[in-house]
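Everything below concerns the one structure shown next.
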Amino acid sequence: MRGSARARRLASLGAFSIAAGAAVLLALPAGAEAPRTFRYASQGDALDLDPHGANEGQTNGIRQEIYEGLVWRSADLALHPALAESWTRLAPTTWRFHLRKNVRFHDGTPFTADDVVFSFRRANHKASDMKTYVALVKDVVRVDDHTVDFLTDGPDPVLLQKLPYHFVMSRRWAEQNGALEPPDKFTKEAPTARRANGTGPFRLVERVPDTRIVLESSPGWWGAAAGKLDVARAEYRPIANAATRVAALLSGEVDLVYPVPPQDLARIRAAPGFRVLEGPEVRTIYLGFDHFRDELLDMPGSGKNPFKDPRVRRAVYQAVDVKAIHDKVMRGSSLVTALLVAPAVQGYDPKLEARLPYDPEAAKKLLAEAGWPQGFAVTMDCPNDRYVNDEAICQAVVPMLARIGLKVSLNAQTKSKFFDKVRSHQTSFFLGGWASTTFDAHYTLSNLLVEQPPGPSWNFGRYSTPRMEALTRDIAVEMDQARRQQLVSEALQLARDDVAYVPLHDQTVAWAARQGVQVPLAPDNIPRLRQVRMAR
Amino acid sequence: MLAFVLRRLFQAALVMLAVGFIAFGLFTYVGDPVNNLLGQDATAEQRRQVAADLGLDRPFPMQYARFLSRAVRGEFGVSYRLGVPVADLLAERLPATLELSCSAMALALLAGVPLGVYAGLHRRGRLARFLMAGSLLGISLPTFLIGILLIFLFSVRLGWFPSFGRGEVVRLGFWSTGLLTQSGLRSLVLPAVTLALFQTTLIGRLVRAQMLEVLRTDYIRFARARGLPDRVVHFRHALRNTLVPVVTVVGLQLGGIVAFAIITETVFQWPGLGLLFLQAVQFVDVPVMSAYLVLVALLFVSINLAVDLLYLAVDPRLRAGASLADRVA
C-alpha cells in the first residue's frame, strides 16, 4: 500500500522531470535528507538476515543492530548486559542469566525465557552456521519466565565472550513465518532472507539484495528511554569498488565508508569536511610452514622437510624485514608484531612483544648449521584478495628470502582457490591471517597451534607439540583468570620461541567519515549504529 | 524455408548445450564455494555437510547432468551469496542492465552517426581530423578509468550526478524502472555515458568509413549530376545506404553491452547483471554464474537467429545458401 502510493508520487515526479529536461535535472539538490539519517557503505552485502544463517563479518554486523544476544559488545570490545541484565556462575559448568523484563520484539511479542531456549536449539540446528558461539553449551534450561541456566560441557571461561553473536529470535514469529529452522539456503529463499524480527535498537524496513538495507530505530527498544539512540534511520549501501566507495563519501552521498584502502587515506585527510579513523584490527598476518610432512611437497624423492628444523624457521624469521613491509607495502598502516594475538585480544601479553632482530647474516648461518648452506627451493602459497595487500606482502618476502638462498616461487591466487589448497594441507609455506572471533587467545591457540581441535582448524601446516596440546586443553577449562593468563602467556611464548609461525603484523582498520558524524572505530570493522552521534 | 529455420534452431540448441558444458566445466577451476559460505569458524564436519548438501562431492558429469535437467525446467537454484532464487535475481537485475544498455546505445547512435557523417563529408577538415583523433582516445581508454574520471569530475567536484547506484526505482509489474524518477534518471547519466563512449567512437568510425565508400559510388555522382542539392544527396541517398551495416553492428554490439557491461556496472555499483556476475565469480556462486552464462548464450543465439531470419526475408539470394550473419559476425 505504502509502496504503490510512493510509486505514484515518484511516477508523477519522474514525468515532470522528463518534461523539464536536463537543465532542471542538474539544478535540483542531491535530495533532501530526512533528519538524522545515517548512510554508510562497505564492500559487500549481508549474506542473509537470519540470526543463525551465515557466520560472516558484515552479516553479523547488520544482524547485531536488529537482533540482540544476552550480552552486547561495544566498539571498544567491552561486554555490556543486553537481553540479560545480570548473570552469576552457580557452578563451574552452570551459568544463570537474569533476563531483562518488559522487552518486546519489533512485532510486539513479549520476550521471555522461552525465546532464549528456542534460539539455543535453533542455533544448534545442523543448518546453522552460528553453532560455534554455543559450541560448548550442552543445554539451556528455563528456570522461570525471566531466568535461564546455561549448562556447559565442562568449564568454559570464555562463555560470555561468545554470547554477543548468539542472537535471540522470537519463537512465535518463527512459527508464524515458517522459520523454525535456520535457512536451508540451497533449495529456496528463506523467510528470513529479507525479513527480520528482533529486540534490537533497529528494526528492518527493507532489504534489496546488493543495493541497500534500510533500518529504522525501534521506539520500544529498552535502551531508547535512556536516550541511547541518536540515529533515527540508517541505510547500508554495499559498494564493491573501493574507489567508488571513497567517491560516494567525498560527494556527500554517504556519511561513513569502510574499509578505506591505504592509498586513499592521504587524499581523504586532505579533503575539508572529512576525517579518517584508523586503529588496530584484531587480525594478525603471519607466515606458516609445513610442520607435518617428513618430505616437503616441493622436494619429492629427497625425504626431507627443512621446516621441521627450528633453525630453518628461525632463519626465515630473521631474513624477513618486517619494517620494510610495514613502511613500503602497508604504507605505515599496520602494527608490527611478535605474537599471534593482537593487543585487543584477551590473553595478549605485552611482555612477549619482542621480535627476533632482522639479520640476514645470522639467518644464513642458521641455514648452514641446519645443513642447507645453499638454501633450497620452495613454493609459497598466498591469497591475493583476502587480506590487506596480501599478494604484495608475499612479493616482498620472495626477494628477502632469496638473499639467504631460498628460491621461493610464489603461487598467489584468489581466496577460494587458496583456501581450497591450504585447508587440505597441500602447502609447504604460506601466508595466513587470523582473527579471534571470541576476542580470546584460546580461540587462536586452538585454531593455529594444535592438531586436533574440538572445533574448527586453521592449522594449515599441522603444527603440534605435546606441551602446546596440553596447555591449550588446560586453558580451555581454567576458570581462574590469573592462572589462565599464565598458561596463555606460556603458550604464546612457546609458539614464539619455537617459531611455529612468523608473525608479521596486525592489520589496521581504516574508516572515513563526514565531519559532524561521531562513530567509534571498532577493531572488528563493524560500526555500532547505537553509538553513532550526528551533529544537529 | 522451413528446413532452413529448423536447421538454425537445431544449431542454436547445440550452441546452448556447448556453452553450458564449457561454462560448467570452468567452474571447477574457480575454487571451492564452501570456504566462502562457512568462513573461518567452520569445522571439517560442517564443511563436508555443506559440500554434500550442494552435491559438490559428486563427480563432474553427475553435477552437470543435474544442472541440465533442472535448467531445462527453468530451475537454477538459489544464490549461495544472497540466499535468493537465481531466477528472481536475474529478473530483478535484467531491467537495470537493459535500461543502462539501451540508454547507452541510444546515446551512442545520437552522437556517433552525426559524428561519422560530418567526418565523412569533411574528411580533410581540421575539425573532422580532430574528432577522428579524439575517437581513438575513446576506443583506447579503459572503461574503468573513464568511469572513475567521470565520477570524480561530476560527482565529487561538481556534485551534479550520484556516484553509485540506480536511485529510486518504480515497479511496473515485474519490471523495475529508474526512468520515471528524478534520482533514477540522474543516476543513469554517468554509467550510460561511460558505456556509450566506446560505442560512439565505434559507430562514428564505421559511419565515416561507409560514407566515404558510398560517396564514391556511381549513383551519388549521378545524383550530383542531376543537380540535386547537397543536403538531399548526403542524407537521402548517401546516409541511408550507409545504415545497413551500421544496424547490423549495433544489433550485435547491443547484445555485447547487455552481456558485458561488467566493468561499468561494477564501477558505478549499478545493480545489473554484470555486477551480479562479477560478484558471483568472486564468491564462487555457481548457480548464479551458470544461469547467467546460459542467459547470455541465449541472448546471443537469439540475436543471431533473428538477424539470420531478417536477412532471409530481405535477401532472396540467401534462401538456398549460408547466412550472411556468419560472415558479419
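FYI, nothing fancy with the C-alpha cells labels: chains A, B, ... in order, residues from 1 per chain, ligands from 1 as they appear.
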Surrounding residues of Thr414 (chain A) excluding itself and chain neighbours under 3 positions, 6 Å, only C-alpha atoms, as a PyMOL selection string: chain A and resi 383-385+417
Write the residues of the selection above to a file with N, CA and C atoms, as an mmCIF file, in the first residue's frame.
```cif
data_model
loop_
_atom_site.group_PDB
_atom_site.id
_atom_site.type_symbol
_atom_site.label_atom_id
_atom_site.label_comp_id
_atom_site.auth_asym_id
_atom_site.auth_seq_id
_atom_site.Cartn_x
_atom_site.Cartn_y
_atom_site.Cartn_z
ATOM 1 N N PRO A 383 47.118 -15.827 -0.734
ATOM 2 C CA PRO A 383 45.875 -15.331 -1.328
ATOM 3 C C PRO A 383 46.130 -13.964 -1.955
ATOM 4 N N ASN A 384 45.314 -13.552 -2.916
ATOM 5 C CA ASN A 384 45.508 -12.218 -3.494
ATOM 6 C C ASN A 384 44.289 -11.317 -3.334
ATOM 7 N N ASP A 385 43.289 -11.783 -2.577
ATOM 8 C CA ASP A 385 42.117 -10.926 -2.378
ATOM 9 C C ASP A 385 41.476 -11.158 -1.014
ATOM 10 N N LYS A 417 40.472 -20.407 -4.237
ATOM 11 C CA LYS A 417 41.452 -21.424 -4.626
ATOM 12 C C LYS A 417 42.492 -21.615 -3.518
#
```
Would you please give, as a PyMOL selection string, all residues of region 378-435 of chain A that DSSP assigns to alpha helix (DSSP H) based on the backbone? chain A and resi 390-402+415-423
Since we have the selection now, will you write its residues out, keeping C-alpha atoms, as a JSON list (two decimals), in the first residue's frame?
```json
[["chain", "number", "residue", "atom", "x", "y", "z"],
["A", 390, "ASP", "CA", 48.30, -9.89, 0.75],
["A", 391, "GLU", "CA", 49.92, -10.56, -2.61],
["A", 392, "ALA", "CA", 52.17, -7.52, -2.31],
["A", 393, "ILE", "CA", 53.44, -8.78, 1.06],
["A", 394, "CYS", "CA", 54.30, -12.14, -0.49],
["A", 395, "GLN", "CA", 56.03, -10.43, -3.42],
["A", 396, "ALA", "CA", 58.15, -8.52, -0.92],
["A", 397, "VAL", "CA", 59.02, -11.66, 1.03],
["A", 398, "VAL", "CA", 60.30, -13.57, -2.03],
["A", 399, "PRO", "CA", 63.43, -11.43, -2.68],
["A", 400, "MET", "CA", 64.11, -11.16, 1.08],
["A", 401, "LEU", "CA", 64.34, -14.92, 1.29],
["A", 402, "ALA", "CA", 66.35, -15.07, -1.94],
["A", 415, "LYS", "CA", 40.95, -16.81, -1.85],
["A", 416, "SER", "CA", 38.59, -19.59, -2.96],
["A", 417, "LYS", "CA", 41.45, -21.42, -4.63],
["A", 418, "PHE", "CA", 43.96, -20.55, -1.91],
["A", 419, "PHE", "CA", 41.86, -21.82, 0.97],
["A", 420, "ASP", "CA", 40.91, -24.89, -1.00],
["A", 421, "LYS", "CA", 44.60, -25.75, -1.17],
["A", 422, "VAL", "CA", 45.86, -24.82, 2.28],
["A", 423, "ARG", "CA", 42.89, -26.12, 4.23]]
```
Backbone DSSP call of strand (DSSP E) for region 154-312 of chain A, listed as a PyMOL selection string: chain A and resi 202-208+212-217+233-238+256-257+274-289
Provide as JSON, numbers by chain the residues of chain B at most 8 Å from chain A, counting only C-alpha atoms. {"B": [29, 30, 31, 32, 33, 35, 36, 37, 38, 39, 40, 41, 42, 43, 44, 53, 54, 77, 78, 79, 80, 81, 82, 83, 84, 85, 148, 151, 152, 155, 156, 157, 159, 160, 161, 162, 163, 164, 165, 170, 171, 179, 180, 181, 182, 186, 266, 267, 268, 269, 271, 283, 284]}
Residues within 7 Å of region 125-139 of chain B, please, as an mmCIF file with N, CA and C atoms, in the first residue's frame. Count only C-alpha atoms; anything in the same chain fewer than 3 positions from it doesn't count.
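Full text of part_22.cif as output:
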```cif
data_model
loop_
_atom_site.group_PDB
_atom_site.id
_atom_site.type_symbol
_atom_site.label_atom_id
_atom_site.label_comp_id
_atom_site.auth_asym_id
_atom_site.auth_seq_id
_atom_site.Cartn_x
_atom_site.Cartn_y
_atom_site.Cartn_z
ATOM 1 N N TYR B 118 29.633 13.778 -40.380
ATOM 2 C CA TYR B 118 30.428 15.000 -40.510
ATOM 3 C C TYR B 118 31.858 14.664 -40.943
ATOM 4 N N ALA B 119 32.427 13.681 -40.271
ATOM 5 C CA ALA B 119 33.813 13.327 -40.577
ATOM 6 C C ALA B 119 33.926 12.771 -41.996
ATOM 7 N N HIS B 122 33.546 15.887 -44.465
ATOM 8 C CA HIS B 122 34.656 16.848 -44.432
ATOM 9 C C HIS B 122 35.927 16.129 -44.039
ATOM 10 N N LEU B 197 30.650 5.596 -24.542
ATOM 11 C CA LEU B 197 31.795 6.241 -25.173
ATOM 12 C C LEU B 197 32.452 5.366 -26.231
ATOM 13 N N PHE B 198 32.692 4.130 -25.876
ATOM 14 C CA PHE B 198 33.329 3.223 -26.826
ATOM 15 C C PHE B 198 32.431 3.019 -28.048
ATOM 16 N N THR B 201 32.387 5.992 -30.514
ATOM 17 C CA THR B 201 33.540 6.087 -31.410
ATOM 18 C C THR B 201 33.485 4.981 -32.462
#
```
So that I can see what lies close to region 150-157 of chain A, please list as a list of chain:residue names the residues with an atom at most 6 Å from it, counting only C-alpha atoms and leaving out residues fewer than 3 positions away in the same chain.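 Near neighbours after the sequence-gap exclusion: A:Pro92, A:Thr93, A:Thr94, A:Trp95, A:Leu136, A:Val137, A:Lys138, A:Asp139, A:Val140, A:Val477, A:Met479.
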What is the CA of Ser302 (chain B) to CA of Arg8 (chain B) distance in Å?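 Separating CA of Ser302 (chain B) from CA of Arg8 (chain B) is a distance of 10.4 Å.
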Can you tell me which residues surround Val169 (chain B) at a distance of at most 7 Å, considering only C-alpha atoms, apart from same-chain residues fewer than 5 positions away, and format the answer as a ChimeraX atom specification? /B:176-178,181,184
So that I can check the surroundings of Met380 (chain A), please list as a list in words every protein, DNA and RNA residue that reaches within 10 Å of it, counting only C-alpha atoms and ignoring chain neighbours fewer than 3 positions away. Leu287, Gly288, Phe289, Ala377, Cys394, Gln395, Val397, Val398, Lys407, Val408, Ser409, Leu410, Asn411, Ala412, Thr427, Ser428, Phe429, Phe430 and Leu431 of chain A
Looking at A:Arg496, A:His52, A:Arg89, A:Arg386, which one is nearest to Leu352 (chain A), with distances taken over only C-alpha atoms? A:Arg496
Neighbouring residues of region 14-27 of chain B were defined as those with any atom within 10 Å, considering only C-alpha atoms; residues of the same chain fewer than 5 positions away were excluded. Please report them as an MDAnalysis selection string. chainID B and resid 8:9 32 60:61 63:65 67:68 71 281 284:287 289:298 300:301
Got time to write the residues from that selection, C-alpha atoms, as a CSV table (one decimal), in the first residue's frame?
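So out_39.csv came out as:
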```
chain,number,residue,atom,x,y,z
B,8,ARG,CA,19.2,-22.9,-37.5
B,9,LEU,CA,17.2,-23.8,-34.4
B,32,ASP,CA,35.5,-24.1,-3.6
B,60,PHE,CA,31.5,-33.7,-12.6
B,61,PRO,CA,29.3,-35.5,-15.1
B,63,GLN,CA,26.8,-32.4,-11.4
B,64,TYR,CA,26.4,-31.3,-15.0
B,65,ALA,CA,23.5,-33.7,-15.6
B,67,PHE,CA,22.3,-28.9,-13.6
B,68,LEU,CA,21.0,-29.6,-17.2
B,71,ALA,CA,17.9,-25.8,-16.2
B,281,VAL,CA,32.7,-15.2,-9.7
B,284,VAL,CA,32.1,-18.8,-6.5
B,285,ASP,CA,28.3,-18.5,-6.6
B,286,VAL,CA,27.9,-21.4,-9.1
B,287,PRO,CA,24.1,-21.2,-9.5
B,289,MET,CA,27.3,-17.9,-12.7
B,290,SER,CA,25.8,-20.9,-14.7
B,291,ALA,CA,22.4,-19.3,-15.1
B,292,TYR,CA,24.0,-16.0,-16.2
B,293,LEU,CA,26.1,-17.7,-18.8
B,294,VAL,CA,23.1,-19.6,-20.1
B,295,LEU,CA,21.2,-16.4,-20.3
B,296,VAL,CA,23.9,-14.7,-22.2
B,297,ALA,CA,24.3,-17.6,-24.6
B,298,LEU,CA,20.5,-17.5,-25.2
B,300,PHE,CA,23.4,-14.1,-28.5
B,301,VAL,CA,21.9,-17.1,-30.1
```
Of the residues A:Ala196, A:Ala512, A:Ala476, A:Val499, which is the one nearest to Arg311 (chain A), using only C-alpha atoms?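 Counting only C-alpha atoms, the residue closest to Arg311 (chain A) is A:Val499.
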Top pick for closest residue to Ala174 (chain A), considering A:Gln161, A:Thr109, A:Gln452, A:Thr147 and counting only C-alpha atoms: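 That would be A:Thr109, the residue with the smallest distance to Ala174 (chain A).
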Distance of CA of Tyr286 (chain A) from CA of Val329 (chain A), expressed in Å to one decimal place: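 Distance between the two atoms: 14.6 Å.
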